[in-house]
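Below: one structure, written as structure tokens.
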Amino acid sequence: MNRKRWQDHLTMYRFGPLIATFLFAAPNSNNSERWIDSLSTAKDISNEAADKVKAGRHREAAQLYEDAMLFGRKAALNLHEGGDDDGAALDWLDLIGLYRNSADVRLLLDDVEGARRDAWGACVFSQNEDIPSLECLANVCKAGGDDIGQMQALKRILELDERKDTTSSSISGIGGTSMKEIQSTIAALDEKIKKKVGW
């Protein structure tokens, strides 16, 4: 990958927000190439982050994922709004996966709040239609002791399973967990919450 290219971009994002706003905010169709280049850069950084995860260097991976999201988020949004993204679905799914991967790494670092932010981002960008993102959010909520959040995420997964029109490839279950087991978990969480509030 062209390390200098994305390092120069990172310098702009970190130390020149006004410059970045001027360059990226203008509604000019000529910006398409810049957005596509930014998406490519985000993918390069994401791939490097994945290598860091494999090497057990989670803290470095978390920073790289954060850098990748700086490029990917705004580029994907602008390309979609402009209707000129040349492979929109794949780019959008890449962005959602980027948020999930970042959440997973932050959870490994016991950064529950950071993981919650990124898992929530994955759900927002997927409009709560992606089961892996909802599973990620449920796991983060569980780690943070958020029973209500975990239960809501699991309930949404069941809703998607009942609809059967989601694009998720994991509709029959999550992480090897059957929908029946998810229903049991929801029932247990519901009982736990009722006890907490004295119902």
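Letters A, B, ... mark the chains of the structure tokens in the order given; residue numbers begin at 1 per chain; ligand numbers begin at 1, in order shown.
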
Query raised in the report: Which residues come within 9 Å of segment 57-70 of chain A, counting only C-alpha atoms, excluding same-chain residues fewer than 5 positions away, as a PyMOL selection string?
Result: chain A and resi 10+13+39+41-46+48-52+75+95+98-99+101-103+105-106+108-109

Query raised in the report: Hey, what's within 8 Å of Trp35 of chain A if we count only C-alpha atoms and toss same-chain stuff fewer than 6 positions away? As a list in words, please?
Result: Ala75, Ala76, Asn78 and Leu79 of chain A

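Between atom CA of Ala115 of chain A and atom CA of Asp161 of chain A lies a distance of 25.0 Å.
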
Report task. Please give the complete set of residues from segment 24-140 of chain A that DSSP, run on the backbone, assigns to helix (DSSP H, G or I), formatted as a ChimeraX atom specification. Result -> /A:24-25,29-54,58-82,88-108,112-125,131-140

Any chance you could tabulate, as a Markdown table, the residues of segment 49-124 of chain A at most 10 Å from segment 142-156 of chain A with each one's nearest atom pair and distance in Å to one decimal, using only C-alpha atoms, in chain and rising number order?
| residue | atom | partner | partner_atom | distance |
| --- | --- | --- | --- | --- |
| A:Leu107 | CA | A:Ala143 | CA | 8.0 |
| A:Asp110 | CA | A:Ala143 | CA | 8.7 |
| A:Asp111 | CA | A:Gly144 | CA | 9.5 |
| A:Val112 | CA | A:Gly144 | CA | 6.1 |
| A:Glu113 | CA | A:Gly144 | CA | 8.1 |
| A:Ala115 | CA | A:Gly144 | CA | 9.7 |
| A:Arg116 | CA | A:Gly144 | CA | 8.7 |
| A:Cys123 | CA | A:Ala153 | CA | 9.6 |

Go ahead and write the residues just picked, C-alpha atoms, as a CSV table (one decimal), in the first residue's frame.
chain,number,residue,atom,x,y,z
A,107,LEU,CA,-13.7,-5.0,23.3
A,110,ASP,CA,-11.6,-3.7,27.5
A,111,ASP,CA,-12.7,-0.4,25.9
A,112,VAL,CA,-16.4,-1.0,26.3
A,113,GLU,CA,-17.4,2.6,25.6
A,115,ALA,CA,-16.7,-0.7,21.4
A,116,ARG,CA,-20.2,0.5,22.0
A,123,CYS,CA,-26.0,-0.6,13.3

Query raised in the report: When distances are computed from only C-alpha atoms, which of A:Met179, A:Ile96, A:Leu189, A:Val197 shows the smallest separation from Cys141 of chain A?
Result: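 When distances to Cys141 of chain A are compared using only C-alpha atoms, the smallest one comes from A:Leu189.
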
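Of the listed residues A:Arg73, A:Gly121, A:Glu33, A:Lys54, the one whose atoms come nearest to Ser133 of chain A is A:Gly121, with distances taken using only C-alpha atoms.
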
Report task. Please provide as a list of chain:residue names all residues within 8 Å of Ile182 of chain A, with the sequence filter that same-chain residues fewer than 4 positions apart are discarded (counting only C-alpha atoms). Result ->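 The residues that qualify are A:Leu154, A:Leu158, A:Thr177, A:Ser178, A:Ile186.
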
Given the selection you just returned, output its residues as a file containing N, CA, C and O atoms, formatted as a PDB file, in the first residue's frame.
ATOM      1  N   LEU A 154     -30.896  -8.388  20.440  1.00  0.00           N
ATOM      2  CA  LEU A 154     -31.294  -9.764  20.157  1.00  0.00           C
ATOM      3  C   LEU A 154     -32.727  -9.828  19.622  1.00  0.00           C
ATOM      4  O   LEU A 154     -33.038 -10.630  18.731  1.00  0.00           O
ATOM      5  N   LEU A 158     -34.230 -11.382  15.968  1.00  0.00           N
ATOM      6  CA  LEU A 158     -35.388 -12.250  15.789  1.00  0.00           C
ATOM      7  C   LEU A 158     -36.369 -11.657  14.783  1.00  0.00           C
ATOM      8  O   LEU A 158     -36.966 -12.385  13.980  1.00  0.00           O
ATOM      9  N   THR A 177     -25.109 -19.761  17.160  1.00  0.00           N
ATOM     10  CA  THR A 177     -26.222 -19.775  18.102  1.00  0.00           C
ATOM     11  C   THR A 177     -27.542 -19.866  17.347  1.00  0.00           C
ATOM     12  O   THR A 177     -27.783 -19.106  16.421  1.00  0.00           O
ATOM     13  N   SER A 178     -28.389 -20.791  17.738  1.00  0.00           N
ATOM     14  CA  SER A 178     -29.674 -20.945  17.067  1.00  0.00           C
ATOM     15  C   SER A 178     -30.645 -19.874  17.535  1.00  0.00           C
ATOM     16  O   SER A 178     -30.470 -19.257  18.593  1.00  0.00           O
ATOM     17  N   ILE A 186     -33.149 -14.019  25.534  1.00  0.00           N
ATOM     18  CA  ILE A 186     -34.040 -12.856  25.677  1.00  0.00           C
ATOM     19  C   ILE A 186     -34.961 -13.041  26.877  1.00  0.00           C
ATOM     20  O   ILE A 186     -35.169 -12.116  27.676  1.00  0.00           O
TER      21      ILE A 186
END

Query raised in the report: Separation of atom CA of Ala187 of chain A and atom CA of Phe125 of chain A, in Å?
Result: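 Here the two named atoms are 28.2 Å from each other.
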